[in-house]
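Undergrad: Got a structure here, written out as structure tokens. Questions coming.
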Amino acid sequence: MKTAIGIWIVRQQALDIGRYLATRLEGECYAPKKISASSSREAFTSRFHEHRQWVLIMTTGIAVRYLQGLLKNKESDPGIVVLDEGCRFAVSLSGGHEGGANQLAYRVANLVRAVPVITTATETLKPLVIGVGCRRGVSSEQIDSAIEHGLMRIQHSRSEVREIATIDLKQDEPGLNAWCDRNGIALRVIPRELVRQRPWVTQPSDWVRRNIGVDGVCEACALLATFRGRLLLPKTILDGVTVAIVEESACVSYSATGSAFATEKPVQGEK
């Protein structure tokens, strides 16, 4: 029977990261030994199907070589996430949907403060990111009401939502996590220090500044979670929950001949 998550590292320098992820993800970390690269790859091959998912702490080039000949069927292959040793990017490399690699990439990214990289069309075509701030202990029903209220105000639906973004202090909030789990929408965690450095808010909050040390949560987190985001809905408050909605803007399109041309001009609120 497959166990949950395997974590494979190729260099001793990544051992602490691997052990940390194994603890937080309740997985098993395979530490490097003094063996050749080919022997390490053979060892990985022998264990590949022992886990439902893998986190490979290595370059994508090494990961591709490790996986050569192992992937057979997307319905049964393990989901694969690649994390660089610098903990900058958690890449959903294979099995994004069927193998759960997309969700795992978010989990890994949130734990090590990396950027989740998701390339499956279902997710990348969804344009909305919702920033959420909340009081401690709010229910998933309160979260749901605030999000639905915000979407109605801009005449969009939750089927267009790619992810929910919040500050690191709220990543373990039960109501917020329950809402994301129930709706199948990933939770993106933004480090407080990054929010402090880039305080993109239209309505600074004295209470948030005093208690968290930033000017605001929902607007900044939603903008920081996008590459070309524009603010569609500024901070809106409902029953202890703040919501801001940002749309990912496509700035470049391609003609039939392959030449690129701009399709949108920057708008106020874009970063």
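Chain labels follow the order of the structure tokens: the first chain is A, the next B, and so on; residue numbering restarts at 1 in every chain, and ligands are counted from 1 in their shown order.
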Pull the alpha helix (DSSP H) assignments for segment 19-213 of chain A out of DSSP run on the backbone, and list those residues as a VMD selection string.

TA: chain A and resid 19 to 25 37 to 47 60 to 67 101 to 112 121 to 124 140 to 153 174 to 183 192 to 197 206 to 211

Undergrad: Which residues of segment 37-133 of chain A come within 9 Å of segment 19-26 of chain A, and what is each one's closest atom pair and distance in Å (one decimal), counting only C-alpha atoms, sorted by chain and residue number, as a tab-separated table?

TA:
```
residue	atom	partner	partner_atom	distance
A:Val55	CA	A:Leu21	CA	8.9
A:Arg107	CA	A:Leu25	CA	8.4
A:Val108	CA	A:Leu21	CA	7.5
A:Leu111	CA	A:Leu21	CA	7.7
A:Val112	CA	A:Leu21	CA	8.5
```

Undergrad: Take the residues just selected and output them with N, CA and C atoms as a PDB file, in the first residue's frame.

TA:
```
ATOM      1  N   VAL A  55       8.022  15.072  -3.265  1.00  0.00           N
ATOM      2  CA  VAL A  55       8.660  16.385  -3.316  1.00  0.00           C
ATOM      3  C   VAL A  55      10.130  16.134  -3.599  1.00  0.00           C
ATOM      4  N   ARG A 107       0.969  23.631  -0.712  1.00  0.00           N
ATOM      5  CA  ARG A 107       1.318  23.266   0.662  1.00  0.00           C
ATOM      6  C   ARG A 107       2.804  23.463   0.920  1.00  0.00           C
ATOM      7  N   VAL A 108       3.630  22.996  -0.004  1.00  0.00           N
ATOM      8  CA  VAL A 108       5.072  23.142   0.140  1.00  0.00           C
ATOM      9  C   VAL A 108       5.465  24.610   0.109  1.00  0.00           C
ATOM     10  N   LEU A 111       4.752  26.402   3.304  1.00  0.00           N
ATOM     11  CA  LEU A 111       5.614  26.007   4.419  1.00  0.00           C
ATOM     12  C   LEU A 111       6.983  26.657   4.349  1.00  0.00           C
ATOM     13  N   VAL A 112       7.521  26.850   3.146  1.00  0.00           N
ATOM     14  CA  VAL A 112       8.887  27.373   3.011  1.00  0.00           C
ATOM     15  C   VAL A 112       8.914  28.776   2.423  1.00  0.00           C
TER      16      VAL A 112
END
```

Undergrad: Smallest atom-to-atom distance to Arg230 of chain A: which of A:Glu163, A:Glu247, A:Glu50, A:Glu75, using only C-alpha atoms?

TA: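 When distances to Arg230 of chain A are compared using only C-alpha atoms, the smallest one comes from A:Glu247.
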
Undergrad: Would you give me, as an MDAnalysis selection string, the residues in segment 56-213 of chain A that DSSP reads as strand (DSSP E or B)?

TA: chainID A and resid 56:57 79:83 89:94 115:117 128:134 161:167 186:190

Undergrad: Thr242 of chain A: which residues within 9 Å, counting only C-alpha atoms, same-chain residues fewer than 5 positions away excluded, as a list in words?

TA: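 Contacts, with the query itself left out: Gly131, Val132, Gly133, Cys134, Arg135, Ile143, Ala146, Ile147, Val217, Cys218, Lys235, Thr236 and Ile237 of chain A.
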
Undergrad: Within 7 Å of Lys126 of chain A, counting only C-alpha atoms, which residues qualify if same-chain residues fewer than 2 places away don't, as a PDB file with N, CA and C atoms, in the first residue's frame?

TA:
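Done, and the output landed in result_6.pdb:
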```pdb
ATOM      1  N   THR A 122      -6.529  24.483 -16.432  1.00  0.00           N
ATOM      2  CA  THR A 122      -7.719  24.738 -15.608  1.00  0.00           C
ATOM      3  C   THR A 122      -7.459  25.840 -14.602  1.00  0.00           C
ATOM      4  N   GLU A 123      -6.266  25.836 -13.980  1.00  0.00           N
ATOM      5  CA  GLU A 123      -5.938  26.840 -12.976  1.00  0.00           C
ATOM      6  C   GLU A 123      -5.467  28.148 -13.611  1.00  0.00           C
ATOM      7  N   THR A 124      -4.593  28.048 -14.625  1.00  0.00           N
ATOM      8  CA  THR A 124      -4.005  29.285 -15.162  1.00  0.00           C
ATOM      9  C   THR A 124      -5.010  30.124 -15.929  1.00  0.00           C
ATOM     10  N   LEU A 128      -9.063  35.234 -11.214  1.00  0.00           N
ATOM     11  CA  LEU A 128      -9.284  35.969  -9.968  1.00  0.00           C
ATOM     12  C   LEU A 128      -8.495  35.394  -8.794  1.00  0.00           C
ATOM     13  N   GLU A 160     -14.396  31.336 -11.230  1.00  0.00           N
ATOM     14  CA  GLU A 160     -13.293  32.101 -11.822  1.00  0.00           C
ATOM     15  C   GLU A 160     -12.140  32.309 -10.847  1.00  0.00           C
ATOM     16  N   VAL A 161     -12.293  31.807  -9.620  1.00  0.00           N
ATOM     17  CA  VAL A 161     -11.297  32.065  -8.575  1.00  0.00           C
ATOM     18  C   VAL A 161     -10.177  31.030  -8.635  1.00  0.00           C
ATOM     19  N   ARG A 162      -8.949  31.490  -8.783  1.00  0.00           N
ATOM     20  CA  ARG A 162      -7.790  30.611  -8.840  1.00  0.00           C
ATOM     21  C   ARG A 162      -7.273  30.254  -7.452  1.00  0.00           C
TER      22      ARG A 162
END
```

Undergrad: So that I can see what lies close to Leu93 of chain A, please list as an MDAnalysis selection string the residues with an atom at most 12 Å from it, counting only C-alpha atoms and leaving out residues fewer than 6 positions away in the same chain.

TA: chainID A and resid 53:56 59:61 63:64 67 71 78:83 99:105 116:120

Undergrad: Considering only C-alpha atoms, can you say which of A:Gln203, A:Ser139, A:Thr226, A:Gln197 comes closest to Ala165 of chain A?

TA: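 Comparing A:Gln203, A:Ser139, A:Thr226, A:Gln197 against Ala165 of chain A, the winner is A:Thr226.
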
Undergrad: Please identify all polymer residues within 12 Å of Ser38 of chain A, counting only C-alpha atoms, omitting same-chain residues fewer than 4 positions from it, and present them as a PyMOL selection string.

TA: chain A and resi 10+34+42-45+62+65-66

Undergrad: Calculate how many Å separate atom CA of Glu148 of chain A from atom CA of Glu219 of chain A, rounding to one decimal.

TA: 16.6 Å

Undergrad: Would you pick out the contacts of Asp215 of chain A at 8 Å or less, using only C-alpha atoms, so that residues sharing its chain but fewer than 4 positions from it are not included, and give the list as a list in words?

TA: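 Once the adjacent positions are removed, what remains is Arg196, Pro199, Val201, Pro204, Ser205, Asp206, Val208 and Arg209 of chain A.
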
Undergrad: Restricting it to N, CA and C atoms, dump the selection as a tab-separated table (two decimals), in the first residue's frame.

TA:
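Writing the result to result.tsv gives the following:
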```tsv
chain	number	residue	atom	x	y	z
A	196	ARG	N	4.68	43.92	4.49
A	196	ARG	CA	5.17	45.16	5.11
A	196	ARG	C	6.00	45.97	4.11
A	199	PRO	N	3.24	47.66	0.86
A	199	PRO	CA	1.91	47.89	1.45
A	199	PRO	C	0.92	48.48	0.46
A	201	VAL	N	-2.30	49.18	-0.28
A	201	VAL	CA	-3.64	49.23	0.31
A	201	VAL	C	-4.29	50.56	-0.02
A	204	PRO	N	-5.79	51.97	4.66
A	204	PRO	CA	-4.96	51.49	5.77
A	204	PRO	C	-5.80	51.33	7.04
A	205	SER	N	-5.46	50.33	7.83
A	205	SER	CA	-6.19	50.05	9.07
A	205	SER	C	-5.29	50.28	10.27
A	206	ASP	N	-5.70	51.19	11.15
A	206	ASP	CA	-4.92	51.44	12.37
A	206	ASP	C	-4.85	50.20	13.25
A	208	VAL	N	-5.03	47.00	12.33
A	208	VAL	CA	-4.12	46.01	11.73
A	208	VAL	C	-2.68	46.46	11.90
A	209	ARG	N	-2.42	47.73	11.75
A	209	ARG	CA	-1.06	48.24	11.90
A	209	ARG	C	-0.56	48.02	13.33
```

Undergrad: Provide the atom CA of Trp179 of chain A to atom CA of Arg136 of chain A distance in Å, to one decimal place.

TA: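 So the answer is 14.8 Å.
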
Undergrad: What separation in Å, quoted to one decimal, exists between atom CA of Ile185 of chain A and atom CA of Glu141 of chain A?

TA: 15.4 Å
